[in-house]
>>> print(open('entry_21.pdb').read())   # PDB, C-alpha atoms and all ligand atoms
ATOM      1  CA  MET H   1     114.979 147.015 107.441
ATOM      2  CA  LEU H   2     113.223 145.182 110.296
ATOM      3  CA  VAL H   3     112.124 147.709 112.919
ATOM      4  CA  THR H   4     109.717 147.975 115.853
ATOM      5  CA  GLY H   5     106.182 149.298 115.645
ATOM      6  CA  ASN H   6     107.227 152.449 117.482
ATOM      7  CA  ASP H   7     109.861 153.210 114.838
ATOM      8  CA  ILE H   8     107.043 153.345 112.283
ATOM      9  CA  LEU H   9     104.036 154.638 114.209
ATOM     10  CA  ILE H  10     105.488 157.485 116.262
ATOM     11  CA  PRO H  11     106.571 159.369 113.101
ATOM     12  CA  ALA H  12     103.202 158.538 111.515
ATOM     13  CA  ARG H  13     101.202 160.069 114.340
ATOM     14  CA  ALA H  14     103.482 163.116 114.382
ATOM     15  CA  GLY H  15     103.228 163.453 110.611
ATOM     16  CA  LYS H  16      99.437 163.007 110.573
ATOM     17  CA  TYR H  17      99.515 160.059 108.181
ATOM     18  CA  ALA H  18      98.649 156.429 108.800
ATOM     19  CA  VAL H  19     100.548 153.237 108.008
ATOM     20  CA  GLY H  20      98.876 150.106 106.693
ATOM     21  CA  ALA H  21      99.091 147.027 108.922
ATOM     22  CA  PHE H  22      98.416 144.205 106.490
ATOM     23  CA  ASN H  23      97.703 140.646 107.570
ATOM     24  CA  THR H  24      99.663 137.881 105.899
ATOM     25  CA  ASN H  25      99.055 134.139 105.694
ATOM     26  CA  ASN H  26     101.505 133.091 102.978
ATOM     27  CA  MET H  27     104.499 134.063 100.822
ATOM     28  CA  GLU H  28     102.541 135.793  98.048
ATOM     29  CA  ILE H  29     100.646 138.054 100.431
ATOM     30  CA  THR H  30     103.909 138.945 102.176
ATOM     31  CA  GLN H  31     105.576 139.749  98.859
ATOM     32  CA  ALA H  32     102.666 141.910  97.721
ATOM     33  CA  ILE H  33     102.843 143.906 100.964
ATOM     34  CA  ILE H  34     106.594 144.454 101.213
ATOM     35  CA  HIS H  35     107.398 144.836  97.506
ATOM     36  CA  THR H  36     104.661 147.449  97.184
ATOM     37  CA  ALA H  37     105.970 149.279 100.249
ATOM     38  CA  GLU H  38     109.410 149.368  98.602
ATOM     39  CA  LYS H  39     107.965 150.549  95.274
ATOM     40  CA  LEU H  40     106.166 153.422  97.027
ATOM     41  CA  ARG H  41     108.867 154.130  99.630
ATOM     42  CA  SER H  42     106.320 153.515 102.382
ATOM     43  CA  PRO H  43     106.869 152.139 105.884
ATOM     44  CA  VAL H  44     104.638 149.140 106.529
ATOM     45  CA  MET H  45     103.520 146.744 109.239
ATOM     46  CA  VAL H  46     103.099 143.091 108.331
ATOM     47  CA  GLN H  47     100.931 141.329 110.844
ATOM     48  CA  MET H  48     100.157 137.730 111.705
ATOM     49  CA  SER H  49      97.205 136.749 113.849
ATOM     50  CA  GLU H  50      97.326 133.669 116.067
ATOM     51  CA  GLY H  51      95.427 131.917 113.273
ATOM     52  CA  ALA H  52      98.150 132.866 110.810
ATOM     53  CA  ILE H  53     100.816 131.605 113.214
ATOM     54  CA  LYS H  54      98.925 128.316 113.533
ATOM     55  CA  TYR H  55      98.733 128.092 109.728
ATOM     56  CA  GLY H  56     102.232 129.240 108.747
ATOM     57  CA  GLY H  57     104.255 129.039 111.946
ATOM     58  CA  GLN H  58     107.939 129.985 112.134
ATOM     59  CA  ASP H  59     108.233 129.239 108.398
ATOM     60  CA  LEU H  60     105.946 132.136 107.560
ATOM     61  CA  ALA H  61     107.396 134.400 110.249
ATOM     62  CA  ASP H  62     110.865 133.729 108.818
ATOM     63  CA  ILE H  63     109.700 134.679 105.318
ATOM     64  CA  VAL H  64     108.445 137.992 106.692
ATOM     65  CA  ILE H  65     111.578 138.575 108.796
ATOM     66  CA  ASP H  66     113.906 137.786 105.888
ATOM     67  CA  LEU H  67     112.044 140.060 103.447
ATOM     68  CA  ALA H  68     111.920 142.773 106.119
ATOM     69  CA  GLN H  69     115.639 142.528 106.900
ATOM     70  CA  ARG H  70     116.472 142.788 103.197
ATOM     71  CA  SER H  71     113.924 145.530 102.583
ATOM     72  CA  THR H  72     114.890 149.116 101.749
ATOM     73  CA  VAL H  73     111.960 150.467 103.786
ATOM     74  CA  PRO H  74     111.051 150.078 107.493
ATOM     75  CA  VAL H  75     109.005 146.924 108.119
ATOM     76  CA  ALA H  76     107.685 145.700 111.474
ATOM     77  CA  LEU H  77     106.411 142.172 112.087
ATOM     78  CA  HIS H  78     103.399 142.490 114.389
ATOM     79  CA  LEU H  79     101.357 139.958 116.357
ATOM     80  CA  ASP H  80      97.710 140.787 115.671
ATOM     81  CA  HIS H  81      95.163 140.133 118.438
ATOM     82  CA  GLY H  82      97.479 138.323 120.814
ATOM     83  CA  SER H  83      95.134 136.678 123.294
ATOM     84  CA  SER H  84      97.486 136.205 126.236
ATOM     85  CA  TYR H  85     100.810 137.040 127.851
ATOM     86  CA  ASP H  86     102.166 133.657 126.700
ATOM     87  CA  SER H  87     101.071 134.284 123.122
ATOM     88  CA  ALA H  88     102.826 137.644 123.078
ATOM     89  CA  LEU H  89     106.032 136.219 124.558
ATOM     90  CA  LYS H  90     105.967 133.321 122.072
ATOM     91  CA  ALA H  91     105.697 135.805 119.193
ATOM     92  CA  ILE H  92     108.642 137.802 120.509
ATOM     93  CA  LYS H  93     110.683 134.584 120.672
ATOM     94  CA  MET H  94     109.667 133.938 117.025
ATOM     95  CA  GLY H  95     111.196 137.266 116.039
ATOM     96  CA  PHE H  96     108.164 139.598 116.083
ATOM     97  CA  THR H  97     109.109 143.249 116.653
ATOM     98  CA  SER H  98     105.668 144.404 117.762
ATOM     99  CA  VAL H  99     102.932 142.568 119.659
ATOM    100  CA  MET H 100      99.272 143.207 120.437
ATOM    101  CA  ILE H 101      97.776 142.007 123.689
ATOM    102  CA  ASP H 102      94.021 142.121 123.148
ATOM    103  CA  ALA H 103      92.423 141.914 126.591
ATOM    104  CA  SER H 104      89.608 144.314 125.628
ATOM    105  CA  HIS H 105      86.915 141.739 126.360
ATOM    106  CA  TYR H 106      87.921 141.716 130.063
ATOM    107  CA  PRO H 107      86.773 144.311 132.616
ATOM    108  CA  PHE H 108      88.914 147.458 132.633
ATOM    109  CA  GLU H 109      91.154 146.520 135.596
ATOM    110  CA  GLU H 110      91.875 143.061 134.163
ATOM    111  CA  ASN H 111      92.669 144.552 130.774
ATOM    112  CA  VAL H 112      95.089 146.930 132.497
ATOM    113  CA  HIS H 113      96.725 144.089 134.434
ATOM    114  CA  GLU H 114      97.199 141.808 131.411
ATOM    115  CA  THR H 115      98.400 144.654 129.212
ATOM    116  CA  ARG H 116     100.892 145.943 131.777
ATOM    117  CA  ARG H 117     102.432 142.464 132.153
ATOM    118  CA  VAL H 118     103.042 142.287 128.418
ATOM    119  CA  VAL H 119     104.347 145.862 128.228
ATOM    120  CA  GLU H 120     106.915 145.238 130.965
ATOM    121  CA  ALA H 121     108.172 142.029 129.369
ATOM    122  CA  ALA H 122     108.157 143.368 125.804
ATOM    123  CA  HIS H 123     109.861 146.639 126.691
ATOM    124  CA  ALA H 124     112.600 144.701 128.501
ATOM    125  CA  MET H 125     113.319 143.120 125.104
ATOM    126  CA  GLY H 126     112.964 146.320 123.064
ATOM    127  CA  ILE H 127     109.638 145.305 121.531
ATOM    128  CA  SER H 128     106.671 147.684 121.242
ATOM    129  CA  VAL H 129     103.117 146.902 122.271
ATOM    130  CA  GLU H 130      99.579 147.503 121.038
ATOM    131  CA  ALA H 131      96.653 147.175 123.430
ATOM    132  CA  GLU H 132      92.912 147.573 122.909
ATOM    133  CA  LEU H 133      90.213 149.381 124.861
ATOM    134  CA  GLY H 134      86.536 149.161 123.891
ATOM    135  CA  ARG H 135      84.661 146.557 121.893
ATOM    136  CA  LEU H 136      85.151 146.234 118.174
ATOM    137  CA  GLY H 137      81.820 145.914 116.451
ATOM    138  CA  GLY H 138      79.833 147.480 113.659
ATOM    139  CA  ILE H 139      77.694 150.259 114.993
ATOM    140  CA  GLU H 140      74.777 151.486 112.930
ATOM    141  CA  GLU H 141      74.635 155.259 113.066
ATOM    142  CA  HIS H 142      71.045 155.204 114.267
ATOM    143  CA  VAL H 143      71.877 153.124 117.327
ATOM    144  CA  VAL H 144      70.996 154.907 120.584
ATOM    145  CA  VAL H 145      73.834 156.711 122.362
ATOM    146  CA  ASP H 146      74.152 154.632 125.521
ATOM    147  CA  GLU H 147      74.293 151.409 123.503
ATOM    148  CA  LYS H 148      76.968 153.018 121.316
ATOM    149  CA  ASP H 149      78.926 154.068 124.408
ATOM    150  CA  ALA H 150      78.748 150.547 125.792
ATOM    151  CA  PHE H 151      80.930 149.485 122.913
ATOM    152  CA  LEU H 152      83.046 152.418 121.871
ATOM    153  CA  THR H 153      86.198 153.597 123.595
ATOM    154  CA  ASP H 154      85.589 156.191 126.306
ATOM    155  CA  PRO H 155      88.110 159.053 125.859
ATOM    156  CA  GLU H 156      88.631 159.658 129.585
ATOM    157  CA  GLU H 157      89.039 155.937 130.206
ATOM    158  CA  ALA H 158      91.632 155.836 127.430
ATOM    159  CA  VAL H 159      93.779 158.377 129.293
ATOM    160  CA  LYS H 160      93.693 156.243 132.440
ATOM    161  CA  PHE H 161      94.363 153.053 130.490
ATOM    162  CA  VAL H 162      97.429 154.437 128.709
ATOM    163  CA  GLU H 163      98.846 155.871 131.943
ATOM    164  CA  GLU H 164      98.325 152.623 133.870
ATOM    165  CA  THR H 165      99.596 150.247 131.186
ATOM    166  CA  GLY H 166     102.373 152.091 129.346
ATOM    167  CA  THR H 167     101.159 150.667 126.055
ATOM    168  CA  ASP H 168     102.918 152.135 123.020
ATOM    169  CA  TYR H 169      99.849 152.361 120.785
ATOM    170  CA  LEU H 170      96.166 151.907 121.418
ATOM    171  CA  ALA H 171      93.488 150.179 119.346
ATOM    172  CA  ILE H 172      90.253 152.040 119.918
ATOM    173  CA  ALA H 173      86.669 150.991 119.220
ATOM    174  CA  ILE H 174      85.208 153.582 116.874
ATOM    175  CA  GLY H 175      82.419 151.687 115.131
ATOM    176  CA  THR H 176      84.454 149.581 112.731
ATOM    177  CA  SER H 177      84.314 145.788 112.673
ATOM    178  CA  HIS H 178      86.241 142.896 111.159
ATOM    179  CA  GLY H 179      85.165 141.299 107.922
ATOM    180  CA  ALA H 180      83.315 142.280 104.776
ATOM    181  CA  TYR H 181      80.027 143.456 106.302
ATOM    182  CA  LYS H 182      80.712 146.672 108.208
ATOM    183  CA  GLY H 183      77.284 148.223 108.084
ATOM    184  CA  LYS H 184      74.795 149.606 105.616
ATOM    185  CA  GLY H 185      75.491 152.321 103.048
ATOM    186  CA  ARG H 186      78.544 154.201 104.339
ATOM    187  CA  PRO H 187      79.558 152.372 107.525
ATOM    188  CA  PHE H 188      79.721 154.556 110.606
ATOM    189  CA  ILE H 189      83.130 155.505 112.018
ATOM    190  CA  ASP H 190      83.082 157.835 115.015
ATOM    191  CA  LEU H 191      85.477 160.560 113.823
ATOM    192  CA  ALA H 192      84.479 162.909 116.629
ATOM    193  CA  ARG H 193      85.427 160.249 119.146
ATOM    194  CA  ILE H 194      88.816 159.679 117.484
ATOM    195  CA  LYS H 195      89.483 163.424 117.575
ATOM    196  CA  ARG H 196      88.537 163.647 121.261
ATOM    197  CA  ILE H 197      90.726 160.675 122.198
ATOM    198  CA  SER H 198      93.661 162.053 120.220
ATOM    199  CA  GLU H 199      93.385 165.380 122.072
ATOM    200  CA  LEU H 200      93.820 163.521 125.359
ATOM    201  CA  VAL H 201      96.170 160.692 124.358
ATOM    202  CA  SER H 202      99.398 161.403 122.499
ATOM    203  CA  ILE H 203     100.446 157.861 121.546
ATOM    204  CA  PRO H 204      99.633 156.427 118.078
ATOM    205  CA  LEU H 205      96.042 155.222 117.741
ATOM    206  CA  VAL H 206      95.014 152.085 115.865
ATOM    207  CA  ALA H 207      91.931 151.378 113.748
ATOM    208  CA  HIS H 208      90.974 147.735 113.337
ATOM    209  CA  GLY H 209      88.392 146.584 110.828
ATOM    210  CA  SER H 210      89.448 149.169 108.257
ATOM    211  CA  SER H 211      89.236 147.325 104.950
ATOM    212  CA  GLY H 212      87.445 149.343 102.301
ATOM    213  CA  VAL H 213      85.794 146.311 100.649
ATOM    214  CA  PRO H 214      85.757 148.184  97.311
ATOM    215  CA  ALA H 215      82.590 147.597  95.254
ATOM    216  CA  GLU H 216      84.531 146.879  92.054
ATOM    217  CA  LEU H 217      86.549 144.170  93.777
ATOM    218  CA  VAL H 218      83.400 142.660  95.287
ATOM    219  CA  GLN H 219      81.837 142.594  91.789
ATOM    220  CA  ARG H 220      84.927 140.952  90.270
ATOM    221  CA  PHE H 221      84.788 138.360  93.062
ATOM    222  CA  ARG H 222      81.151 137.615  92.212
ATOM    223  CA  ASP H 223      81.787 137.589  88.437
ATOM    224  CA  ALA H 224      84.554 135.041  88.995
ATOM    225  CA  GLY H 225      82.157 132.755  90.843
ATOM    226  CA  GLY H 226      82.513 133.991  94.408
ATOM    227  CA  GLU H 227      79.483 134.343  96.640
ATOM    228  CA  ILE H 228      79.243 137.352  98.939
ATOM    229  CA  GLY H 229      76.321 139.372 100.356
ATOM    230  CA  ASP H 230      75.953 143.148 100.767
ATOM    231  CA  ALA H 231      79.602 143.671 101.569
ATOM    232  CA  VAL H 232      80.723 147.211 102.398
ATOM    233  CA  GLY H 233      83.805 148.696 104.072
ATOM    234  CA  ILE H 234      85.217 151.884 105.513
ATOM    235  CA  ALA H 235      85.260 154.863 103.128
ATOM    236  CA  ASP H 236      88.691 156.123 102.022
ATOM    237  CA  GLU H 237      87.767 159.696 103.023
ATOM    238  CA  ASP H 238      86.921 158.558 106.561
ATOM    239  CA  LEU H 239      90.301 156.865 106.918
ATOM    240  CA  GLN H 240      92.030 160.018 105.644
ATOM    241  CA  GLN H 241      90.203 162.115 108.226
ATOM    242  CA  ALA H 242      90.982 159.560 110.936
ATOM    243  CA  ALA H 243      94.696 159.841 110.098
ATOM    244  CA  GLN H 244      94.469 163.607 110.595
ATOM    245  CA  TYR H 245      93.017 162.910 114.047
ATOM    246  CA  GLY H 246      95.772 160.565 115.286
ATOM    247  CA  ILE H 247      95.021 157.153 113.804
ATOM    248  CA  ALA H 248      98.523 155.973 112.822
ATOM    249  CA  LYS H 249      97.998 152.226 112.232
ATOM    250  CA  VAL H 250      95.197 150.915 110.013
ATOM    251  CA  ASN H 251      94.467 147.182 109.914
ATOM    252  CA  VAL H 252      93.674 145.588 106.555
ATOM    253  CA  ASP H 253      92.997 141.902 106.006
ATOM    254  CA  THR H 254      89.650 141.436 104.266
ATOM    255  CA  ASP H 255      90.679 143.455 101.186
ATOM    256  CA  LEU H 256      93.721 141.216 100.712
ATOM    257  CA  ARG H 257      91.627 138.081 101.146
ATOM    258  CA  LEU H 258      89.148 139.324  98.555
ATOM    259  CA  ALA H 259      91.932 140.270  96.137
ATOM    260  CA  MET H 260      93.750 136.972  96.496
ATOM    261  CA  THR H 261      90.686 134.793  96.037
ATOM    262  CA  THR H 262      89.371 136.950  93.178
ATOM    263  CA  GLY H 263      92.713 136.620  91.390
ATOM    264  CA  VAL H 264      92.727 132.839  91.798
ATOM    265  CA  ARG H 265      89.076 132.458  90.783
ATOM    266  CA  GLU H 266      89.539 134.575  87.662
ATOM    267  CA  VAL H 267      92.429 132.430  86.407
ATOM    268  CA  LEU H 268      90.667 129.143  87.116
ATOM    269  CA  LYS H 269      87.424 130.358  85.519
ATOM    270  CA  LYS H 270      89.221 131.642  82.402
ATOM    271  CA  ASN H 271      91.599 128.659  82.068
ATOM    272  CA  PRO H 272      89.985 125.523  83.553
ATOM    273  CA  LYS H 273      92.958 123.569  82.275
ATOM    274  CA  GLU H 274      95.484 125.677  84.234
ATOM    275  CA  PHE H 275      97.315 123.896  87.075
ATOM    276  CA  ASP H 276     100.627 125.756  87.266
ATOM    277  CA  PRO H 277     100.543 127.449  90.701
ATOM    278  CA  ARG H 278     102.727 130.272  89.412
ATOM    279  CA  LYS H 279     100.096 131.115  86.813
ATOM    280  CA  ILE H 280      97.373 130.920  89.471
ATOM    281  CA  PHE H 281      98.966 132.734  92.402
ATOM    282  CA  GLY H 282     100.972 135.204  90.296
ATOM    283  CA  PRO H 283      97.932 137.220  89.123
ATOM    284  CA  ALA H 284      96.489 137.005  92.640
ATOM    285  CA  ARG H 285      99.711 138.526  93.975
ATOM    286  CA  ASP H 286      99.464 141.324  91.419
ATOM    287  CA  LEU H 287      95.880 142.109  92.408
ATOM    288  CA  MET H 288      96.862 142.175  96.084
ATOM    289  CA  SER H 289      99.685 144.578  95.252
ATOM    290  CA  GLN H 290      97.133 146.921  93.684
ATOM    291  CA  VAL H 291      95.060 146.773  96.882
ATOM    292  CA  VAL H 292      98.100 147.522  99.043
ATOM    293  CA  GLU H 293      99.102 150.404  96.771
ATOM    294  CA  HIS H 294      95.661 151.971  96.905
ATOM    295  CA  LYS H 295      95.580 151.782 100.695
ATOM    296  CA  MET H 296      99.052 153.309 101.095
ATOM    297  CA  ARG H 297      98.044 156.209  98.855
ATOM    298  CA  VAL H 298      94.817 156.732 100.835
ATOM    299  CA  LEU H 299      96.634 156.657 104.189
ATOM    300  CA  GLY H 300      99.370 159.059 103.069
ATOM    301  CA  SER H 301     102.356 156.844 103.879
ATOM    302  CA  VAL H 302     103.804 156.954 100.338
ATOM    303  CA  GLY H 303     107.276 158.487 100.323
ATOM    304  CA  LYS H 304     107.539 158.484 104.118
ATOM    305  CA  ALA H 305     110.262 155.811 104.244
TER     306      ALA H 305
HETATM  307  O1  LIG G   1      91.413 144.510 111.913
HETATM  308  C1  LIG G   1      91.645 143.487 111.293
HETATM  309  C2  LIG G   1      91.132 143.271 109.890
HETATM  310  O2  LIG G   1      90.125 144.178 109.547
HETATM  311  P1  LIG G   1      89.379 143.987 108.142
HETATM  312  O3  LIG G   1      88.532 142.746 108.257
HETATM  313  O4  LIG G   1      88.535 145.224 107.976
HETATM  314  O5  LIG G   1      90.413 143.852 107.088
HETATM  315  N1  LIG G   1      92.398 142.490 111.832
HETATM  316  O6  LIG G   1      92.933 142.662 113.051
HETATM  317  C3  LIG G   1      92.609 141.195 111.154
HETATM  318  C4  LIG G   1      92.152 140.057 112.021
HETATM  319  C5  LIG G   1      92.384 138.725 111.313
HETATM  320  O7  LIG G   1      92.240 137.667 112.265
HETATM  321  P2  LIG G   1      92.184 136.144 111.764
HETATM  322  O8  LIG G   1      93.460 135.861 111.028
HETATM  323  O9  LIG G   1      92.063 135.370 113.039
HETATM  324  O10 LIG G   1      90.992 136.016 110.862
HETATM  325 ZN    ZN G   2      91.539 143.433 114.360
END
>>> encode(input="entry_21.pdb", output="structure tokens")
Amino acid sequence: MLVTGNDILIPARAGKYAVGAFNTNNMEITQAIIHTAEKLRSPVMVQMSEGAIKYGGQDLADIVIDLAQRSTVPVALHLDHGSSYDSALKAIKMGFTSVMIDASHYPFEENVHETRRVVEAAHAMGISVEAELGRLGGIEEHVVVDEKDAFLTDPEEAVKFVEETGTDYLAIAIGTSHGAYKGKGRPFIDLARIKRISELVSIPLVAHGSSGVPAELVQRFRDAGGEIGDAVGIADEDLQQAAQYGIAKVNVDTDLRLAMTTGVREVLKKNPKEFDPRKIFGPARDLMSQVVEHKMRVLGSVGKA
């Protein structure tokens, strides 16, 4: 069933598990996400960035909405990294049931102002809102404290931000970053900071940049002809601990991108004569389903639907 983000994330925070928020850009990715959620009886958030909306438009949103409406588990369609009030309102008109307004790159007061505008409009239409405070960006553990604090979400500021905006869930900067290169060795994620914020703020917390970039998938990508550097992601154990501390929504895009392109490359490398899209995208869909399944098991959302 198609639900709002609150319907999924409030129980997750209360139950100390996290729900995967998986980015989609086409039908096969959407199917891998929602069919796996149904197989595992897991709630799930399917998200489209503004880039995905540009690429797939209402066609893609309608695929997600239709699968969600027919689904036997709770599914929310979420706007990822909405850059403006207009973008958020456009997504709501497209049928999104959850929207992010990402004004984190503005000064605090401006972020509050922009976020509050979206919250008021979205709430009037029964839609829930994600906002962001702090700067996403890989932080090496050795980096000096004040530089770290310049980026990461300040717990006391988070209290003020949530009170002044009314946002339903909050993306916090905890050392993670988008993409395949999240640091060296075991990328740093500030678990102590998450714990502190969750002691002060009771709404669901969101972790962006949380793909695991599994080494075996990276190797398969390379073996199939892909080129990628020293890619590394967030450790499963760190995400499990983060869920205990109030992270309820975990964003995953890079792992799906790697799985999809690895699946396609492997077929084309093995069968250069293949040109049936079903035989090319089918195995890619299966590999993405495995990625989604692993993440749901790590986050603890299996059986929660
Ligand atoms: O947090 C994440 C993804 O994190 P990940 O890279 O660790 O998967 N996201 O919000 C995904 C952002 C995708 O935006 P775009 O479609 O413009 O490339
Ligand atoms: Zn993000």
>>> closest_atom_pairs(input="entry_21.pdb", of="chain H", to="ligand ZN 2 (chain G)", cutoff="9 Å", atoms="all atoms listed in the file", output="CSV")
residue,atom,partner,partner_atom,distance
H:Ser49,CA,G:ZN2,ZN,8.8
H:Asp80,CA,G:ZN2,ZN,6.8
H:His81,CA,G:ZN2,ZN,6.4
H:Leu136,CA,G:ZN2,ZN,7.9
H:Ala171,CA,G:ZN2,ZN,8.6
H:Ser177,CA,G:ZN2,ZN,7.8
H:His178,CA,G:ZN2,ZN,6.2
H:Ala207,CA,G:ZN2,ZN,8.0
H:His208,CA,G:ZN2,ZN,4.5
H:Gly209,CA,G:ZN2,ZN,5.7
H:Ser210,CA,G:ZN2,ZN,8.6
H:Asn251,CA,G:ZN2,ZN,6.5
H:Val252,CA,G:ZN2,ZN,8.4
H:Asp253,CA,G:ZN2,ZN,8.6
>>> resolve_selection(input="entry_21.pdb", expression="the PyMOL selection byres (((not hetatm)) within 10 of (chain G and resi 1))", output="VMD selection string")
chain H and resid 21 to 25 47 to 55 79 to 82 100 136 171 176 to 182 206 to 213 232 to 234 250 to 258
>>> resolve_selection(input="entry_21.pdb", expression="the PyMOL selection byres (((chain H and resi 195) around 10) and not hetatm)", output="PyMOL selection string")
chain H and resi 155+190-194+196-201+241-247
>>> residues_around(input="entry_21.pdb", residues="Ala215 (chain H)", least_positions_apart="4", cutoff="10 Å", atoms="all atoms listed in the file", output="MDAnalysis selection string")
chainID H and resid 219:221 230:233
>>> atom_distance(input="entry_21.pdb", atom1="CA of Val64 (chain H)", atom2="CA of Leu77 (chain H)")
7.1 Å
>>> residues_around(input="entry_21.pdb", residues="region 284-298 of chain H", least_positions_apart="5", cutoff="8 Å", atoms="all atoms listed in the file", output="list in words")
Val19, Gly20, Glu28, Ile29, Gln31, Ala32, Ile33, Thr36, Ala37, Leu40, Ser42, Asp236, Glu237, Leu239, Gln240, Asp255, Leu256, Ala259, Met260, Thr261, Thr262, Gly263 and Val264 of chain H
>>> atom_distance(input="entry_21.pdb", atom1="CA of His78 (chain H)", atom2="CA of Ala91 (chain H)")
8.5 Å
>>> resolve_selection(input="entry_21.pdb", expression="the PyMOL selection byres (((chain H and resi 88-90) around 10) and not hetatm)", output="PyMOL selection string")
chain H and resi 50+78-87+91-96+98-102+118-119+121-122+129
>>> residues_near_point(input="entry_21.pdb", point="(106.5, 157.7, 111.1)", cutoff="10 Å", atoms="only C-alpha atoms", output="count of residues only")
24
>>> atom_distance(input="entry_21.pdb", atom1="CA of Asp238 (chain H)", atom2="CA of Glu130 (chain H)")
22.2 Å
>>> axis_aligned_box(input="entry_21.pdb", around="region 84-89 of chain H", padding_each_side="6 Å", output="JSON")
{"center_x": 101.8, "center_y": 135.7, "center_z": 125.5, "size_x": 20.5, "size_y": 16.0, "size_z": 16.8}
>>> closest_residue(input="entry_21.pdb", among="H:Leu133, H:Ala61, H:Val302, H:Ala68", to="Ser104 (chain H)", atoms="only C-alpha atoms")
H:Leu133
>>> closest_residue(input="entry_21.pdb", among="H:Met27, H:Gly225, H:Tyr106, H:Thr97", to="Met125 (chain H)", atoms="all atoms listed in the file")
H:Thr97
